[in-house]
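J.: Okay, so here is protein27.cif, and as you'll see once you scroll down, it has mmCIF, C-alpha atoms.
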```cif
data_structure
loop_
_atom_site.group_PDB
_atom_site.id
_atom_site.type_symbol
_atom_site.label_atom_id
_atom_site.label_comp_id
_atom_site.auth_asym_id
_atom_site.auth_seq_id
_atom_site.Cartn_x
_atom_site.Cartn_y
_atom_site.Cartn_z
ATOM 1 C CA MET A 18 -26.113 -20.149 -30.266
ATOM 2 C CA LYS A 19 -26.679 -23.400 -28.468
ATOM 3 C CA LYS A 20 -23.177 -23.244 -27.001
ATOM 4 C CA ALA A 21 -23.870 -19.724 -25.710
ATOM 5 C CA GLU A 22 -27.130 -20.896 -24.115
ATOM 6 C CA ILE A 23 -25.353 -23.743 -22.337
ATOM 7 C CA SER A 24 -22.615 -21.400 -21.161
ATOM 8 C CA ARG A 25 -25.167 -18.946 -19.774
ATOM 9 C CA GLU A 26 -27.074 -21.707 -17.981
ATOM 10 C CA HIS A 27 -23.849 -23.009 -16.494
ATOM 11 C CA ALA A 28 -22.953 -19.518 -15.312
ATOM 12 C CA LEU A 29 -26.375 -19.161 -13.674
ATOM 13 C CA TYR A 30 -25.915 -22.538 -11.989
ATOM 14 C CA LEU A 31 -22.522 -21.534 -10.594
ATOM 15 C CA ARG A 32 -23.939 -18.215 -9.424
ATOM 16 C CA GLY A 33 -26.701 -20.089 -7.620
ATOM 17 C CA LEU A 34 -24.188 -22.348 -5.888
ATOM 18 C CA LYS A 35 -22.159 -19.339 -4.775
ATOM 19 C CA ARG A 36 -25.298 -17.620 -3.493
ATOM 20 C CA LYS A 37 -26.217 -20.710 -1.468
ATOM 21 C CA SER A 38 -22.701 -20.919 -0.036
ATOM 22 C CA VAL A 39 -22.819 -17.269 1.047
ATOM 23 C CA LEU A 40 -26.253 -17.805 2.576
ATOM 24 C CA VAL A 41 -24.992 -20.786 4.592
ATOM 25 C CA GLN A 42 -22.070 -18.728 5.915
ATOM 26 C CA VAL A 43 -24.378 -15.851 6.865
ATOM 27 C CA LEU A 44 -26.786 -18.198 8.639
ATOM 28 C CA ARG A 45 -23.927 -19.820 10.536
ATOM 29 C CA ALA A 46 -22.735 -16.426 11.739
ATOM 30 C CA GLY A 47 -26.309 -15.440 12.549
ATOM 31 C CA VAL A 48 -26.884 -18.522 14.693
ATOM 32 C CA LEU A 49 -23.686 -17.808 16.647
ATOM 33 C CA ILE A 50 -24.607 -14.154 17.162
ATOM 34 C CA LEU A 51 -28.117 -15.168 18.268
ATOM 35 C CA ILE A 52 -26.793 -17.657 20.818
ATOM 36 C CA LEU A 53 -24.304 -15.143 22.220
ATOM 37 C CA GLY A 54 -26.984 -12.431 22.320
ATOM 38 C CA ILE A 55 -29.454 -14.631 24.216
ATOM 39 C CA TRP A 56 -26.694 -15.710 26.604
ATOM 40 C CA GLU A 57 -25.706 -12.077 27.269
ATOM 41 C CA LEU A 58 -29.338 -11.037 27.731
ATOM 42 C CA ILE A 59 -30.039 -13.814 30.230
ATOM 43 C CA ALA A 60 -26.969 -12.828 32.239
ATOM 44 C CA ALA A 61 -27.675 -9.072 32.038
ATOM 45 C CA THR A 62 -31.297 -9.445 33.187
ATOM 46 C CA GLU A 63 -30.193 -12.005 35.819
ATOM 47 C CA LEU A 64 -32.818 -14.521 34.746
ATOM 48 C CA VAL A 65 -30.037 -16.902 35.713
ATOM 49 C CA ASP A 66 -27.272 -15.845 38.100
ATOM 50 C CA PRO A 67 -24.271 -14.679 35.983
ATOM 51 C CA PHE A 68 -22.021 -16.321 38.546
ATOM 52 C CA ILE A 69 -23.395 -19.668 37.361
ATOM 53 C CA ILE A 70 -23.525 -19.136 33.590
ATOM 54 C CA SER A 71 -21.055 -16.235 33.127
ATOM 55 C CA SER A 72 -21.664 -14.149 29.960
ATOM 56 C CA PRO A 73 -19.938 -13.345 26.650
ATOM 57 C CA SER A 74 -18.839 -9.918 27.898
ATOM 58 C CA ARG A 75 -17.345 -11.371 31.079
ATOM 59 C CA VAL A 76 -15.585 -14.077 29.055
ATOM 60 C CA ALA A 77 -14.185 -11.404 26.720
ATOM 61 C CA ARG A 78 -12.886 -9.389 29.686
ATOM 62 C CA MET A 79 -11.277 -12.506 31.142
ATOM 63 C CA ILE A 80 -9.525 -13.275 27.840
ATOM 64 C CA ALA A 81 -8.312 -9.665 27.644
ATOM 65 C CA SER A 82 -7.027 -9.897 31.217
ATOM 66 C CA LEU A 83 -5.142 -13.127 30.479
ATOM 67 C CA ALA A 84 -3.675 -11.571 27.352
ATOM 68 C CA ALA A 85 -2.622 -8.463 29.233
ATOM 69 C CA ASP A 86 -0.551 -10.347 31.808
ATOM 70 C CA GLY A 87 0.913 -12.710 29.189
ATOM 71 C CA SER A 88 -0.451 -15.906 30.730
ATOM 72 C CA LEU A 89 -2.883 -16.470 27.838
ATOM 73 C CA PHE A 90 -0.127 -17.061 25.299
ATOM 74 C CA TYR A 91 1.810 -19.282 27.684
ATOM 75 C CA HIS A 92 -1.145 -21.563 28.380
ATOM 76 C CA VAL A 93 -2.333 -21.592 24.750
ATOM 77 C CA GLY A 94 1.185 -22.346 23.521
ATOM 78 C CA THR A 95 1.565 -25.198 25.990
ATOM 79 C CA THR A 96 -1.689 -26.897 25.012
ATOM 80 C CA LEU A 97 -1.159 -26.243 21.309
ATOM 81 C CA TRP A 98 2.256 -27.876 21.061
ATOM 82 C CA GLU A 99 1.157 -30.845 23.190
ATOM 83 C CA THR A 100 -1.868 -31.340 20.937
ATOM 84 C CA LEU A 101 0.067 -30.980 17.691
ATOM 85 C CA ALA A 102 2.817 -33.323 18.877
ATOM 86 C CA GLY A 103 0.339 -35.987 19.960
ATOM 87 C CA PHE A 104 -1.685 -35.525 16.772
ATOM 88 C CA ALA A 105 1.382 -35.941 14.540
ATOM 89 C CA VAL A 106 2.653 -39.022 16.370
ATOM 90 C CA ALA A 107 -0.789 -40.675 16.429
ATOM 91 C CA VAL A 108 -1.365 -40.039 12.704
ATOM 92 C CA VAL A 109 2.086 -41.224 11.587
ATOM 93 C CA LEU A 110 2.212 -44.299 13.836
ATOM 94 C CA GLY A 111 -1.438 -45.161 13.222
ATOM 95 C CA THR A 112 -1.053 -44.995 9.446
ATOM 96 C CA GLY A 113 2.202 -46.965 9.575
ATOM 97 C CA ILE A 114 0.712 -49.713 11.731
ATOM 98 C CA ALA A 115 -2.348 -49.877 9.450
ATOM 99 C CA LEU A 116 -0.034 -50.363 6.465
ATOM 100 C CA LEU A 117 1.761 -53.206 8.228
ATOM 101 C CA LEU A 118 -1.536 -54.871 9.124
ATOM 102 C CA TRP A 119 -2.715 -54.585 5.509
ATOM 103 C CA TRP A 120 0.580 -56.075 4.328
ATOM 104 C CA SER A 121 0.437 -59.061 6.682
ATOM 105 C CA GLU A 122 -2.886 -60.881 6.844
ATOM 106 C CA GLY A 123 -1.571 -63.107 9.639
ATOM 107 C CA ALA A 124 -0.619 -60.139 11.823
ATOM 108 C CA ARG A 125 -3.971 -58.523 11.095
ATOM 109 C CA ARG A 126 -5.954 -61.580 12.125
ATOM 110 C CA VAL A 127 -3.924 -61.967 15.329
ATOM 111 C CA LEU A 128 -3.860 -58.303 16.408
ATOM 112 C CA GLU A 129 -7.275 -57.032 15.290
ATOM 113 C CA PRO A 130 -9.152 -58.230 18.431
ATOM 114 C CA TYR A 131 -6.584 -56.520 20.655
ATOM 115 C CA ILE A 132 -6.946 -53.275 18.701
ATOM 116 C CA VAL A 133 -10.723 -53.387 19.166
ATOM 117 C CA VAL A 134 -10.322 -53.998 22.916
ATOM 118 C CA LEU A 135 -7.799 -51.174 23.286
ATOM 119 C CA ASN A 136 -10.150 -48.843 21.438
ATOM 120 C CA SER A 137 -12.955 -49.575 23.904
ATOM 121 C CA LEU A 138 -10.681 -49.125 26.936
ATOM 122 C CA PRO A 139 -11.375 -45.861 28.846
ATOM 123 C CA LYS A 140 -7.994 -44.144 28.499
ATOM 124 C CA ILE A 141 -8.610 -42.083 31.628
ATOM 125 C CA ALA A 142 -8.271 -45.326 33.615
ATOM 126 C CA LEU A 143 -4.582 -45.389 32.693
ATOM 127 C CA GLY A 144 -4.039 -41.920 34.174
ATOM 128 C CA PRO A 145 -2.249 -43.071 37.340
ATOM 129 C CA CYS A 146 0.017 -45.364 35.313
ATOM 130 C CA ILE A 147 0.862 -42.565 32.882
ATOM 131 C CA ILE A 148 1.803 -40.232 35.746
ATOM 132 C CA ILE A 149 4.102 -42.896 37.201
ATOM 133 C CA TRP A 150 5.674 -43.655 33.821
ATOM 134 C CA PHE A 151 6.082 -40.095 32.504
ATOM 135 C CA GLY A 152 5.664 -37.815 35.501
ATOM 136 C CA SER A 153 3.292 -34.858 35.596
ATOM 137 C CA GLY A 154 4.772 -32.847 32.734
ATOM 138 C CA SER A 155 4.142 -32.470 29.038
ATOM 139 C CA SER A 156 5.450 -35.956 28.221
ATOM 140 C CA ALA A 157 2.517 -37.534 30.035
ATOM 141 C CA ILE A 158 0.046 -35.294 28.214
ATOM 142 C CA VAL A 159 1.529 -36.011 24.787
ATOM 143 C CA PHE A 160 1.435 -39.743 25.550
ATOM 144 C CA MET A 161 -2.226 -39.487 26.563
ATOM 145 C CA THR A 162 -2.970 -37.619 23.322
ATOM 146 C CA VAL A 163 -1.264 -40.356 21.293
ATOM 147 C CA LEU A 164 -3.045 -43.074 23.263
ATOM 148 C CA VAL A 165 -6.453 -41.538 22.579
ATOM 149 C CA GLY A 166 -5.864 -41.013 18.862
ATOM 150 C CA ILE A 167 -3.682 -43.851 17.615
ATOM 151 C CA ILE A 168 -6.212 -46.695 17.763
ATOM 152 C CA VAL A 169 -8.805 -44.628 15.906
ATOM 153 C CA ALA A 170 -6.189 -43.790 13.263
ATOM 154 C CA ILE A 171 -5.237 -47.462 12.875
ATOM 155 C CA MET A 172 -8.815 -48.693 12.534
ATOM 156 C CA HIS A 173 -9.852 -45.924 10.143
ATOM 157 C CA MET A 174 -6.861 -46.304 7.834
ATOM 158 C CA LEU A 175 -6.944 -50.098 7.922
ATOM 159 C CA GLY A 176 -10.573 -49.943 6.836
ATOM 160 C CA GLY A 177 -9.579 -47.609 4.008
ATOM 161 C CA PHE A 178 -6.755 -49.873 2.824
ATOM 162 C CA MET A 179 -8.938 -52.982 3.000
ATOM 163 C CA ALA A 180 -11.693 -51.240 0.996
ATOM 164 C CA THR A 181 -9.482 -51.037 -2.094
ATOM 165 C CA ASP A 182 -11.234 -52.544 -5.123
ATOM 166 C CA LYS A 183 -10.243 -56.238 -5.215
ATOM 167 C CA ASN A 184 -10.738 -56.402 -8.993
ATOM 168 C CA LYS A 185 -8.200 -53.624 -9.490
ATOM 169 C CA ILE A 186 -5.740 -55.459 -7.246
ATOM 170 C CA LEU A 187 -6.208 -58.652 -9.266
ATOM 171 C CA LEU A 188 -5.716 -56.686 -12.479
ATOM 172 C CA LEU A 189 -2.405 -55.252 -11.285
ATOM 173 C CA GLU A 190 -1.250 -58.652 -10.035
ATOM 174 C CA SER A 191 -2.167 -60.250 -13.369
ATOM 175 C CA MET A 192 0.084 -57.684 -15.054
ATOM 176 C CA GLY A 193 2.988 -58.767 -12.855
ATOM 177 C CA ALA A 194 2.821 -56.100 -10.154
ATOM 178 C CA GLY A 195 4.299 -57.063 -6.794
ATOM 179 C CA LYS A 196 2.740 -56.309 -3.439
ATOM 180 C CA LEU A 197 4.785 -53.154 -2.960
ATOM 181 C CA GLN A 198 3.681 -51.848 -6.357
ATOM 182 C CA VAL A 199 0.044 -52.633 -5.554
ATOM 183 C CA LEU A 200 0.466 -50.733 -2.310
ATOM 184 C CA THR A 201 2.104 -47.637 -3.784
ATOM 185 C CA LYS A 202 0.230 -47.473 -7.089
ATOM 186 C CA LEU A 203 -3.271 -48.435 -5.968
ATOM 187 C CA VAL A 204 -3.915 -48.948 -2.256
ATOM 188 C CA ILE A 205 -2.382 -45.736 -0.900
ATOM 189 C CA PRO A 206 -3.772 -43.418 -3.618
ATOM 190 C CA SER A 207 -7.256 -44.913 -3.283
ATOM 191 C CA ALA A 208 -7.135 -44.400 0.500
ATOM 192 C CA VAL A 209 -6.456 -40.641 0.327
ATOM 193 C CA PRO A 210 -10.127 -39.727 1.058
ATOM 194 C CA GLN A 211 -10.064 -42.081 4.064
ATOM 195 C CA PHE A 212 -6.805 -40.474 5.182
ATOM 196 C CA ILE A 213 -8.412 -37.029 5.121
ATOM 197 C CA GLY A 214 -11.394 -38.420 7.021
ATOM 198 C CA MET A 215 -9.024 -39.910 9.584
ATOM 199 C CA LEU A 216 -7.294 -36.528 9.975
ATOM 200 C CA LYS A 217 -10.645 -34.863 10.661
ATOM 201 C CA ILE A 218 -11.455 -37.410 13.353
ATOM 202 C CA SER A 219 -7.921 -37.254 14.757
ATOM 203 C CA VAL A 220 -8.168 -33.482 15.215
ATOM 204 C CA GLY A 221 -10.976 -33.973 17.716
ATOM 205 C CA MET A 222 -9.284 -36.944 19.352
ATOM 206 C CA ALA A 223 -6.050 -34.964 19.764
ATOM 207 C CA TRP A 224 -7.786 -32.132 21.600
ATOM 208 C CA ILE A 225 -9.707 -34.606 23.750
ATOM 209 C CA GLY A 226 -6.473 -36.404 24.613
ATOM 210 C CA SER A 227 -4.478 -33.279 25.443
ATOM 211 C CA ILE A 228 -7.194 -31.747 27.630
ATOM 212 C CA MET A 229 -7.769 -35.115 29.295
ATOM 213 C CA GLY A 230 -4.050 -35.316 29.993
ATOM 214 C CA GLU A 231 -4.017 -31.787 31.415
ATOM 215 C CA TYR A 232 -6.929 -32.708 33.657
ATOM 216 C CA ILE A 233 -4.836 -35.547 35.089
ATOM 217 C CA ALA A 234 -1.394 -34.005 35.309
ATOM 218 C CA SER A 235 -0.445 -30.499 34.265
ATOM 219 C CA LYS A 236 0.955 -27.245 35.541
ATOM 220 C CA ALA A 237 -0.025 -25.200 32.495
ATOM 221 C CA GLY A 238 -2.375 -25.267 29.533
ATOM 222 C CA LEU A 239 -6.045 -24.670 28.806
ATOM 223 C CA GLY A 240 -7.030 -27.868 30.603
ATOM 224 C CA TYR A 241 -5.153 -26.641 33.650
ATOM 225 C CA LEU A 242 -7.033 -23.315 33.500
ATOM 226 C CA ILE A 243 -10.363 -25.142 33.283
ATOM 227 C CA VAL A 244 -9.536 -27.332 36.283
ATOM 228 C CA TYR A 245 -8.144 -24.405 38.283
ATOM 229 C CA GLY A 246 -11.134 -22.202 37.429
ATOM 230 C CA GLY A 247 -13.510 -24.906 38.607
ATOM 231 C CA GLN A 248 -11.605 -25.379 41.856
ATOM 232 C CA VAL A 249 -11.682 -21.673 42.757
ATOM 233 C CA MET A 250 -15.226 -21.169 41.389
ATOM 234 C CA ARG A 251 -14.171 -18.772 38.628
ATOM 235 C CA LEU A 252 -16.565 -19.722 35.859
ATOM 236 C CA ASP A 253 -15.406 -16.814 33.709
ATOM 237 C CA LEU A 254 -11.985 -18.448 33.546
ATOM 238 C CA VAL A 255 -13.492 -21.849 32.740
ATOM 239 C CA MET A 256 -15.628 -20.426 29.935
ATOM 240 C CA ALA A 257 -12.765 -18.321 28.555
ATOM 241 C CA ALA A 258 -10.455 -21.336 28.370
ATOM 242 C CA THR A 259 -13.240 -23.409 26.786
ATOM 243 C CA PHE A 260 -13.919 -20.711 24.179
ATOM 244 C CA ILE A 261 -10.233 -20.486 23.246
ATOM 245 C CA LEU A 262 -10.134 -24.270 23.006
ATOM 246 C CA CYS A 263 -13.062 -24.221 20.559
ATOM 247 C CA VAL A 264 -11.365 -21.567 18.415
ATOM 248 C CA LEU A 265 -8.097 -23.526 18.256
ATOM 249 C CA ALA A 266 -9.871 -26.794 17.435
ATOM 250 C CA ALA A 267 -11.906 -25.065 14.702
ATOM 251 C CA GLY A 268 -8.728 -23.565 13.235
ATOM 252 C CA MET A 269 -6.990 -26.934 13.168
ATOM 253 C CA TYR A 270 -10.024 -28.532 11.525
ATOM 254 C CA ALA A 271 -10.069 -25.732 8.930
ATOM 255 C CA LEU A 272 -6.475 -26.554 7.993
ATOM 256 C CA VAL A 273 -7.429 -30.195 7.450
ATOM 257 C CA ALA A 274 -10.404 -29.097 5.332
ATOM 258 C CA LEU A 275 -8.027 -26.957 3.255
ATOM 259 C CA ALA A 276 -5.754 -29.967 2.791
ATOM 260 C CA GLU A 277 -8.787 -31.948 1.616
ATOM 261 C CA LYS A 278 -9.507 -29.381 -1.101
ATOM 262 C CA LEU A 279 -5.891 -29.576 -2.268
ATOM 263 C CA LEU A 280 -5.518 -33.356 -2.166
ATOM 264 C CA VAL A 281 -8.934 -34.769 -2.997
ATOM 265 C CA LYS A 282 -10.299 -33.930 -6.424
ATOM 266 C CA LYS A 283 -14.071 -34.152 -6.536
#
```
Do you think you could lay out the structure here as structure tokens?
T.:
Amino acid sequence: MKKAEISREHALYLRGLKRKSVLVQVLRAGVLILILGIWELIAATELVDPFIISSPSRVARMIASLAADGSLFYHVGTTLWETLAGFAVAVVLGTGIALLLWWSEGARRVLEPYIVVLNSLPKIALGPCIIIWFGSGSSAIVFMTVLVGIIVAIMHMLGGFMATDKNKILLLESMGAGKLQVLTKLVIPSAVPQFIGMLKISVGMAWIGSIMGEYIASKAGLGYLIVYGGQVMRLDLVMAATFILCVLAAGMYALVALAEKLLVKK
């Protein structure tokens, strides 16, 4: 009887959690619908000139127009592959460099101040140099994406590796484990939550880097559409490209969140 009572209480608890989760999702959707509705109403009643703020309906028509002539998929594809390439390179190189810095205390003590300085450097200042080095094509944009994300990846992962429980390290070493075994059996597994956190941050940094690169030097992409729309005073185009950018970034973040559920057991 007692076991049945506990089981029923647990079921009620789980049902309550599910109800709260559904409520959060509904409220999120409601907030978005409310914002879009107010925006559309302001534009329709011309409380603010629609030329200045555009409107959801005008943005939707612009997206449909871009899709109809095929340019939408070309520009989205260009930005997407540049972002994914820069994201992958920044994550792999950043994690690898963090591992090397954890392995060598001397290298870490020498290079850490330079990493901090590079992180504080406005990457946009290197724009002219990047154009000279890589030209005005996708290579320059991918490099900018890597440049924006790699230092953050290094610092985040290095912090995760260094946060490994020192008592556990001493225990493994006392049992005869070498440094490589400590790394593979303890340090890397314990840093998985930090790795997921780094991926979440790197998603945003990758999109910032790619759009920043397209601002500087591009002939295609969502950043190019935003710049071009601003130059010719087509705010509908600017807002459409920005909306698509938000959707893509949210989708990429959702994939990382899915990976977190698969890799991190809570």
J.: Could you tell me which residues the PyMOL selection byres ((chain A and resi 82-86) around 12) grabs in this file, written as a list in words?
T.: Arg75, Val76, Ala77, Arg78, Met79, Ile80, Ala81, Gly87, Ser88, Leu89, Phe90, Tyr91, His92, Val93, Leu239, Leu242, Asp253, Leu254, Ala257, Ala258 and Ile261 of chain A
J.: My list of candidates is A:Gly268, A:Gly33, A:Gly113, A:Gly226. Which is closest to A:Val163 when distances are computed with only C-alpha atoms?
T.: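 Once distances to A:Val163 are computed over only C-alpha atoms, the minimum belongs to A:Gly226.
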J.: From the set A:Tyr30, A:Tyr270, A:Trp119, A:Tyr131, which residue has the shortest atom-to-atom contact distance to A:Met222, counting all atoms listed in the file?
T.: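 Using all atoms listed in the file, the shortest distance to A:Met222 belongs to A:Tyr270.
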J.: Report as a ChimeraX atom specification the full result of the PyMOL selection byres ((chain A and resi 280) around 12) when it is applied to this structure.
T.: /A:206-213,273-279,281-283
J.: Quick one: which residues end up in the PyMOL selection byres ((chain A and resi 235) around 9) for this structure, as a PDB file with C-alpha atoms, in the coordinates of the input?
T.:
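Result written to out.pdb:
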```pdb
ATOM      1  CA  SER A 153       3.292 -34.858  35.596  1.00  0.00           C
ATOM      2  CA  GLY A 154       4.772 -32.847  32.734  1.00  0.00           C
ATOM      3  CA  SER A 155       4.142 -32.470  29.038  1.00  0.00           C
ATOM      4  CA  ALA A 157       2.517 -37.534  30.035  1.00  0.00           C
ATOM      5  CA  ILE A 158       0.046 -35.294  28.214  1.00  0.00           C
ATOM      6  CA  GLY A 230      -4.050 -35.316  29.993  1.00  0.00           C
ATOM      7  CA  GLU A 231      -4.017 -31.787  31.415  1.00  0.00           C
ATOM      8  CA  TYR A 232      -6.929 -32.708  33.657  1.00  0.00           C
ATOM      9  CA  ILE A 233      -4.836 -35.547  35.089  1.00  0.00           C
ATOM     10  CA  ALA A 234      -1.394 -34.005  35.309  1.00  0.00           C
ATOM     11  CA  LYS A 236       0.955 -27.245  35.541  1.00  0.00           C
ATOM     12  CA  ALA A 237      -0.025 -25.200  32.495  1.00  0.00           C
ATOM     13  CA  GLY A 238      -2.375 -25.267  29.533  1.00  0.00           C
ATOM     14  CA  GLY A 240      -7.030 -27.868  30.603  1.00  0.00           C
ATOM     15  CA  TYR A 241      -5.153 -26.641  33.650  1.00  0.00           C
TER      16      TYR A 241
END
```
